[in-house]
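Let me begin by presenting the structure, written as structure tokens, before commenting on it.
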Amino acid sequence: MAVKNLPREELVRPGSGGCPGCPSSLALRVTLKALGKNTVFAIPACCAVVCLGAYPKTAFDVPVVSIAFEASAAAASGLAAGLKRLGKQDTNVVVWAGDGGTYDIGLQALSGAVERETDFIYICYNNEMYSNTGIQRSGATPYGAWTTTTWTGKTEQKKDMPAILRAHGLPYMATAVPGYPEDLFRKVRKAMSIRGSKYIEILAPCPPGWRFPMDKTVEMSKLAVDTGAWALYEYENGQLNFNLKSKSILEKKTEPKPIEEYLKLQGRFAHLFKPDRNEQVLDEIQQRSLADWERFRKQVECGVA
Amino acid sequence: MIMIDTGDRIAAKAAQMARPEFIAAYPITPQTVIVEKTADYVESGELDAEYIRVESEHSAMTAVIGAAVTGVRTFTATSSHGLALMHEMLHWAAYSRLPIVMVNVNRALGPGWNIWADQSDSLAQRDTGWVQFYCASCQEIFDTIIQAYRLAEMEDVQVPVMVNFDAFVLSHTSMPVEVPDQSDIDAFLPPYRALWKIDPDDPITCFNMLPQSEFGALRKDLHDAHGRVKELIPGIASEWKERFGSYHGGLVEEYLCEDAEYIIVAMGALGAEARVAVEELRREGMKAGLARVRLFRPFPNEVFRRLARNRTFIVVDRNVSIGSGGGVYSELKSGLYGFANAPVHGFIAGLGGKDLTFGEMCEMVRKVADGRAADVEWWGLEE
Amino acid sequence: MKMQVKAVISRPADGVMGKTGAWRDFRPELDSSKCIKCLLCWIFCPDGCIKRADDDSVSIDYVYCKGCGICANECPKQAITMKREGMGE
């Protein structure tokens, strides 16, 4: 679908609490264009709560239940059941949560809700850190990244959350970036068309958290795809399907750009470049990324996810 | 109909007859029977409700909150560690002003592991904004659960209610219970009509940021609702008595208090035991009475101020706030301060389900009467 | 909605954080003559501050635009430029 054909309807009001250049706000606008008004959100503690603004006002034109950090998927379970009682099964029940609330503190509730085949869409906007509390390390923070709790760079790899979700046997999951809104729109619409638990993870390059200029949010998200640092794909019926540039990287029709091109634009990786280049860590990150792609190729080839 | 069954199964029956539309629950001894029986009611079609078998008590309370904001009546049950895990969401439920009803079977918290009766679990949740009832019989469990919905859902209340009863002493002990007809229950407890709810046609945001300027006013509104709860409970209990015959007291069950010089204050099943102690002491010629606390939050200070004239209170607490003392003892003393000079003696007893007999309670009263008792004593620890 | 009790229930409003245009250091300025109506600025604005008209021409809501500059960065025709606030022409 061309940008021109995306709905005009805006379901978030201007003047919200998001930072200038916020990737979550951008992705949320696109997501709500796909979802439409017949939607209920559960939002745990995360940046989106700041976007909502303070009582007695809200920036959202769809109903929102704000809930405790670890609790959004459980709240969605209750919402879905309650709406079913009211005969409103057609209402989209959607969680909008950060990576802290998904990978870490909210993992148990999410796992439970998906195992129970709750009919909802769980969307994680992944800025790879606890951004709302001031850029602390999360389970989604990549290896080598500076945060305010990993001052010299994270020493462990991020966890493969999408694989954890796929291990639950859910009917649909997808990844997206703000830089490809038509792709995100299509994936949300796809998720809406399927009953059961759906998971969408959106990379959210955060200017203040990642330390890059706020006009580069879209560019950074595309660069993540171009360098292979982020893969765009869908999972359905046990199959992985790659999209856009990620598809040609997977099929080896395009070489991913060196991952350095992505890292060097982010202040959180500045210590890998100055005062001296940390060749060892840079190489580890590059090799890890290439190995991830090899694993993807084997998964696609063997039809396993 | 007379039903002879355990506290847990009576609680499940009451929950079924209250017609909740949503249940989320997680099993924990000794509440498990409630989880099992309510699931059975739903699966057999005897209760038309959604039932979610959640992966934790934290999610149980959260899911109940999620369903309650859609405007449906909800139920859950837990105990001990499960209640502790819910702690954060207990605040969320109360400050959200959702009329959720929950059963808590009072059980000790570890370590070490102990599944027996102890009220420290719910006493630790006294500041979460929930109304807390404590029951002394299976009949009272049934009656209180139905009455709890009526109270919680009143337009000027809108507060969640926790109905507590003792592990095993009540949860697994069979007693005869008069169970009214469903139509009579329905007449007492009409369908729930939410004052507000989540609806895509009315896009409200619930529970977003609350600025400093507004925060105190919303907290006070909940506090004021607790004040109204104390005024409303006696009327609800009286209406129940008129309709169904059974009555367990309003905020406090008073027994032989009119001329009593010594009043035993206890909560839960210990209150039933204390009743026997009072009768025994009366036979000995001692003017003893019982004030059984049915309602711990809000605490019925007014009742005790009225009772306090020329009386000595002997409080038996099956709970302890470490570093402070017995929960009821502390509440009672602070409630009387500046209003009455009645002596208050506290006994911390029966923790972790240790048996406490009416004979021991008689001995506590005699010890106080003889001037041998300290202000606060730990009872029954001697080898 | 009838409210007997006070709960944290909020209603939609523009500008929940005030007139966020005041956050701006640089303002986007649009040269309509260069615009090809591709709508990338519209879809990429995080705050919905690029207004899309019926004919797909665009304009900027300066009351709430936070001045991030994504619109200028993404415009394929350089039709939007960022100018420092308060510096005049």
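For the structure tokens, the naming scheme is as follows: chains receive sequential letters (A, B, ...) according to their order of presentation, residues are indexed from 1 within each chain, and ligands are indexed from 1 in presentation order.
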Could you list the residues in chain B lying within 10 Å of chain A, using only C-alpha atoms, and format the result as a ChimeraX atom specification?
-> /B:21-24,48-56,58-74,88-89,92,197-211,214-215
Output the contact residues of chain A with respect to chain C at a cut-off of 9 Å, based on only C-alpha atoms, as a PyMOL selection string.
-> chain A and resi 3-4+6+8+10+12-30+51-62+178-179+181+213-219
Could you give me, as an NGL selection string, each residue of segment 19-57 of chain C that DSSP assigns to alpha helix (DSSP H) when run on this structure's backbone?
-> :C and (40-44)
Take the residues that were just selected and, keeping all heavy atoms, output them as a PDB file, in the first residue's frame.
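What ended up in selection.pdb:
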```pdb
ATOM      1  N   LEU C  40       5.542  11.865   2.413  1.00  0.00           N
ATOM      2  CA  LEU C  40       6.479  11.244   3.361  1.00  0.00           C
ATOM      3  C   LEU C  40       6.570  12.083   4.646  1.00  0.00           C
ATOM      4  O   LEU C  40       6.645  11.536   5.748  1.00  0.00           O
ATOM      5  CB  LEU C  40       7.869  11.092   2.721  1.00  0.00           C
ATOM      6  CG  LEU C  40       7.981  10.007   1.651  1.00  0.00           C
ATOM      7  CD1 LEU C  40       9.414   9.931   1.125  1.00  0.00           C
ATOM      8  CD2 LEU C  40       7.568   8.646   2.200  1.00  0.00           C
ATOM      9  N   CYS C  41       6.572  13.411   4.507  1.00  0.00           N
ATOM     10  CA  CYS C  41       6.625  14.264   5.711  1.00  0.00           C
ATOM     11  C   CYS C  41       5.413  13.995   6.589  1.00  0.00           C
ATOM     12  O   CYS C  41       5.503  13.943   7.815  1.00  0.00           O
ATOM     13  CB  CYS C  41       6.715  15.732   5.321  1.00  0.00           C
ATOM     14  SG  CYS C  41       5.355  16.290   4.274  1.00  0.00           S
ATOM     15  N   TRP C  42       4.270  13.809   5.962  1.00  0.00           N
ATOM     16  CA  TRP C  42       3.016  13.570   6.696  1.00  0.00           C
ATOM     17  C   TRP C  42       3.080  12.257   7.484  1.00  0.00           C
ATOM     18  O   TRP C  42       2.784  12.223   8.676  1.00  0.00           O
ATOM     19  CB  TRP C  42       1.859  13.534   5.687  1.00  0.00           C
ATOM     20  CG  TRP C  42       0.560  13.012   6.235  1.00  0.00           C
ATOM     21  CD1 TRP C  42      -0.266  13.650   7.111  1.00  0.00           C
ATOM     22  CD2 TRP C  42      -0.037  11.738   5.951  1.00  0.00           C
ATOM     23  NE1 TRP C  42      -1.354  12.848   7.387  1.00  0.00           N
ATOM     24  CE2 TRP C  42      -1.239  11.671   6.694  1.00  0.00           C
ATOM     25  CE3 TRP C  42       0.315  10.657   5.143  1.00  0.00           C
ATOM     26  CZ2 TRP C  42      -2.082  10.567   6.646  1.00  0.00           C
ATOM     27  CZ3 TRP C  42      -0.532   9.555   5.092  1.00  0.00           C
ATOM     28  CH2 TRP C  42      -1.721   9.515   5.846  1.00  0.00           C
ATOM     29  N   ILE C  43       3.520  11.198   6.821  1.00  0.00           N
ATOM     30  CA  ILE C  43       3.494   9.908   7.507  1.00  0.00           C
ATOM     31  C   ILE C  43       4.621   9.790   8.519  1.00  0.00           C
ATOM     32  O   ILE C  43       4.495   9.090   9.527  1.00  0.00           O
ATOM     33  CB  ILE C  43       3.506   8.723   6.504  1.00  0.00           C
ATOM     34  CG1 ILE C  43       3.030   7.422   7.183  1.00  0.00           C
ATOM     35  CG2 ILE C  43       4.885   8.519   5.872  1.00  0.00           C
ATOM     36  CD1 ILE C  43       1.596   7.456   7.654  1.00  0.00           C
ATOM     37  N   PHE C  44       5.742  10.485   8.292  1.00  0.00           N
ATOM     38  CA  PHE C  44       6.883  10.338   9.201  1.00  0.00           C
ATOM     39  C   PHE C  44       6.865  11.315  10.383  1.00  0.00           C
ATOM     40  O   PHE C  44       7.723  11.226  11.254  1.00  0.00           O
ATOM     41  CB  PHE C  44       8.196  10.504   8.420  1.00  0.00           C
ATOM     42  CG  PHE C  44       8.569   9.289   7.603  1.00  0.00           C
ATOM     43  CD1 PHE C  44       9.043   9.417   6.300  1.00  0.00           C
ATOM     44  CD2 PHE C  44       8.461   8.010   8.143  1.00  0.00           C
ATOM     45  CE1 PHE C  44       9.397   8.300   5.547  1.00  0.00           C
ATOM     46  CE2 PHE C  44       8.812   6.890   7.394  1.00  0.00           C
ATOM     47  CZ  PHE C  44       9.276   7.036   6.100  1.00  0.00           C
TER      48      PHE C  44
END
```
List the neighbours of Leu250 of chain A out to 9 Å using only C-alpha atoms; skip same-chain residues closer than 6 positions along the sequence, and give me the result as a list in words.
-> Phe242, Trp293, Glu294, Phe296 and Arg297 of chain A
Set the distance at 6 Å and use only C-alpha atoms: which residues neighbour segment 350-355 of chain B once local chain neighbours fewer than 2 positions away are removed? I'd like the list as a PDB file with all heavy atoms, in the first residue's frame.
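The result, written out as selection-v2.pdb:
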```pdb
ATOM      1  N   ALA B 108      -0.228 -18.431  56.803  1.00  0.00           N
ATOM      2  CA  ALA B 108       1.070 -17.869  57.151  1.00  0.00           C
ATOM      3  C   ALA B 108       1.946 -17.677  55.911  1.00  0.00           C
ATOM      4  O   ALA B 108       1.822 -18.392  54.929  1.00  0.00           O
ATOM      5  CB  ALA B 108       1.787 -18.790  58.141  1.00  0.00           C
ATOM      6  N   TRP B 116      -0.700 -23.014  57.377  1.00  0.00           N
ATOM      7  CA  TRP B 116      -1.792 -22.973  58.361  1.00  0.00           C
ATOM      8  C   TRP B 116      -2.258 -21.550  58.642  1.00  0.00           C
ATOM      9  O   TRP B 116      -1.694 -20.580  58.146  1.00  0.00           O
ATOM     10  CB  TRP B 116      -1.338 -23.698  59.644  1.00  0.00           C
ATOM     11  CG  TRP B 116      -0.748 -25.042  59.327  1.00  0.00           C
ATOM     12  CD1 TRP B 116       0.567 -25.379  59.306  1.00  0.00           C
ATOM     13  CD2 TRP B 116      -1.455 -26.230  58.922  1.00  0.00           C
ATOM     14  NE1 TRP B 116       0.735 -26.689  58.926  1.00  0.00           N
ATOM     15  CE2 TRP B 116      -0.489 -27.237  58.688  1.00  0.00           C
ATOM     16  CE3 TRP B 116      -2.802 -26.533  58.742  1.00  0.00           C
ATOM     17  CZ2 TRP B 116      -0.843 -28.529  58.274  1.00  0.00           C
ATOM     18  CZ3 TRP B 116      -3.138 -27.816  58.326  1.00  0.00           C
ATOM     19  CH2 TRP B 116      -2.168 -28.790  58.106  1.00  0.00           C
ATOM     20  N   ALA B 117      -3.292 -21.476  59.487  1.00  0.00           N
ATOM     21  CA  ALA B 117      -3.993 -20.204  59.690  1.00  0.00           C
ATOM     22  C   ALA B 117      -3.100 -19.136  60.324  1.00  0.00           C
ATOM     23  O   ALA B 117      -2.402 -19.394  61.311  1.00  0.00           O
ATOM     24  CB  ALA B 117      -5.228 -20.438  60.564  1.00  0.00           C
ATOM     25  N   ASP B 118      -3.152 -17.949  59.762  1.00  0.00           N
ATOM     26  CA  ASP B 118      -2.397 -16.803  60.259  1.00  0.00           C
ATOM     27  C   ASP B 118      -2.876 -15.590  59.456  1.00  0.00           C
ATOM     28  O   ASP B 118      -2.939 -15.658  58.221  1.00  0.00           O
ATOM     29  CB  ASP B 118      -0.895 -17.042  60.042  1.00  0.00           C
ATOM     30  CG  ASP B 118      -0.001 -16.035  60.748  1.00  0.00           C
ATOM     31  OD1 ASP B 118      -0.235 -14.819  60.584  1.00  0.00           O
ATOM     32  OD2 ASP B 118       0.924 -16.463  61.449  1.00  0.00           O
ATOM     33  N   ARG B 318      -4.006 -13.230  65.905  1.00  0.00           N
ATOM     34  CA  ARG B 318      -3.333 -14.320  65.166  1.00  0.00           C
ATOM     35  C   ARG B 318      -2.588 -13.680  63.981  1.00  0.00           C
ATOM     36  O   ARG B 318      -2.809 -13.976  62.814  1.00  0.00           O
ATOM     37  CB  ARG B 318      -4.358 -15.341  64.694  1.00  0.00           C
ATOM     38  CG  ARG B 318      -3.728 -16.515  63.949  1.00  0.00           C
ATOM     39  CD  ARG B 318      -4.734 -17.628  63.714  1.00  0.00           C
ATOM     40  NE  ARG B 318      -4.413 -18.777  64.517  1.00  0.00           N
ATOM     41  CZ  ARG B 318      -5.230 -19.788  64.766  1.00  0.00           C
ATOM     42  NH1 ARG B 318      -6.443 -19.779  64.305  1.00  0.00           N
ATOM     43  NH2 ARG B 318      -4.835 -20.803  65.502  1.00  0.00           N
TER      44      ARG B 318
END
```
What is the distance between atom CA of Met162 of chain B and atom CA of Ala148 of chain B, in Å to one decimal?
->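 It comes out at 8.1 Å.
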Å distance separating atom CA of Glu377 of chain B from atom CA of Ala266 of chain B, one decimal place |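 Answer for the atom CA of Glu377 of chain B to atom CA of Ala266 of chain B separation: 15.0 Å.
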With a distance cut-off of 7 Å and only C-alpha atoms, select the neighbouring residues of segment 26-36 of chain C, excluding the residue or stretch itself and same-chain residues fewer than 5 positions from it, and output the selection as a ChimeraX atom specification.
-> /C:67,69,72,77,79-85
List the neighbours of Gly209 of chain A out to 12 Å using only C-alpha atoms; skip same-chain residues closer than 6 positions along the sequence, and give me the result as a list in words.
-> Cys19, Gly21, Cys22, Pro23, Cys47, Asn126, Asn127, Glu128, Met129, Tyr130, Ser131, Asn132, Thr133, Gly134, Ile135, Gln136, Arg137, Thr141, Ala145, Trp146, Thr147, Thr148, Thr217, Gln266, Gly267, Arg268 and Phe269 of chain A
For Asp224 of chain B, find every residue with an atom within 12 Å (counting only C-alpha atoms), except residues of its own chain fewer than 5 positions away, and show them as an mmCIF file with N, CA, C and O atoms, in the first residue's frame.
```
data_model
loop_
_atom_site.group_PDB
_atom_site.id
_atom_site.type_symbol
_atom_site.label_atom_id
_atom_site.label_comp_id
_atom_site.auth_asym_id
_atom_site.auth_seq_id
_atom_site.Cartn_x
_atom_site.Cartn_y
_atom_site.Cartn_z
ATOM 1 N N GLY B 129 -6.073 0.012 50.391
ATOM 2 C CA GLY B 129 -7.338 0.642 50.014
ATOM 3 C C GLY B 129 -8.521 -0.311 49.914
ATOM 4 O O GLY B 129 -9.619 0.111 49.559
ATOM 5 N N ASP B 156 -21.789 5.237 45.697
ATOM 6 C CA ASP B 156 -20.906 6.124 46.447
ATOM 7 C C ASP B 156 -19.830 5.349 47.220
ATOM 8 O O ASP B 156 -19.214 5.883 48.123
ATOM 9 N N VAL B 157 -19.638 4.091 46.851
ATOM 10 C CA VAL B 157 -18.562 3.295 47.465
ATOM 11 C C VAL B 157 -17.505 2.981 46.408
ATOM 12 O O VAL B 157 -16.427 3.548 46.407
ATOM 13 N N GLN B 158 -17.819 2.004 45.500
ATOM 14 C CA GLN B 158 -16.900 1.695 44.395
ATOM 15 C C GLN B 158 -15.494 1.381 44.908
ATOM 16 O O GLN B 158 -14.495 2.002 44.528
ATOM 17 N N VAL B 159 -15.478 0.422 45.823
ATOM 18 C CA VAL B 159 -14.214 0.023 46.456
ATOM 19 C C VAL B 159 -14.143 -1.506 46.437
ATOM 20 O O VAL B 159 -15.158 -2.167 46.663
ATOM 21 N N ALA B 217 -6.372 14.677 46.374
ATOM 22 C CA ALA B 217 -7.840 14.681 46.336
ATOM 23 C C ALA B 217 -8.388 13.292 45.983
ATOM 24 O O ALA B 217 -9.407 12.866 46.535
ATOM 25 N N LEU B 218 -7.707 12.603 45.064
ATOM 26 C CA LEU B 218 -8.187 11.268 44.692
ATOM 27 C C LEU B 218 -7.951 10.262 45.807
ATOM 28 O O LEU B 218 -8.756 9.342 46.016
ATOM 29 N N ARG B 219 -6.860 10.429 46.541
ATOM 30 C CA ARG B 219 -6.617 9.538 47.673
ATOM 31 C C ARG B 219 -7.664 9.780 48.766
ATOM 32 O O ARG B 219 -8.187 8.856 49.374
ATOM 33 N N VAL B 229 -18.435 3.325 53.964
ATOM 34 C CA VAL B 229 -18.549 1.868 54.135
ATOM 35 C C VAL B 229 -18.989 1.537 55.560
ATOM 36 O O VAL B 229 -19.870 0.694 55.779
ATOM 37 N N LYS B 230 -18.410 2.215 56.524
ATOM 38 C CA LYS B 230 -18.778 1.936 57.928
ATOM 39 C C LYS B 230 -20.235 2.290 58.206
ATOM 40 O O LYS B 230 -20.894 1.654 59.015
ATOM 41 N N GLU B 231 -20.738 3.313 57.513
ATOM 42 C CA GLU B 231 -22.136 3.697 57.727
ATOM 43 C C GLU B 231 -23.088 2.732 57.016
ATOM 44 O O GLU B 231 -24.209 2.517 57.466
ATOM 45 N N PRO B 298 -12.389 -0.481 56.594
ATOM 46 C CA PRO B 298 -11.989 0.525 57.575
ATOM 47 C C PRO B 298 -12.155 -0.013 58.998
ATOM 48 O O PRO B 298 -13.023 -0.846 59.243
ATOM 49 N N VAL C 5 -17.631 8.820 42.003
ATOM 50 C CA VAL C 5 -16.383 8.758 42.751
ATOM 51 C C VAL C 5 -15.258 9.262 41.870
ATOM 52 O O VAL C 5 -15.389 9.356 40.654
ATOM 53 N N LYS C 6 -14.153 9.590 42.504
ATOM 54 C CA LYS C 6 -13.016 10.109 41.751
ATOM 55 C C LYS C 6 -12.054 8.983 41.405
ATOM 56 O O LYS C 6 -11.469 8.366 42.283
#
```
Give the strand (DSSP E or B) residues of segment 12-87 of chain C, as assigned by DSSP on the backbone, as a list of chain:residue names.
->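 Listing strand (DSSP E or B) positions across segment 12-87 of chain C yields C:Pro12, C:Phe26, C:Arg27, C:Pro28, C:Glu29, C:Leu30, C:Ile50, C:Lys51, C:Arg52, C:Val58, C:Ser59, C:Ile60, C:Ile80, C:Thr81, C:Met82, C:Lys83, C:Arg84.
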Using only C-alpha atoms, pick whichever of B:His223, B:Leu47, B:Tyr41, B:Val278 has the shortest atom-to-atom distance to Thr128 of chain B.
-> B:His223
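Using only C-alpha atoms, the nearest neighbour of Glu253 of chain B within the list B:Lys287, B:Arg228, B:Arg292, B:Arg275 is B:Arg292.
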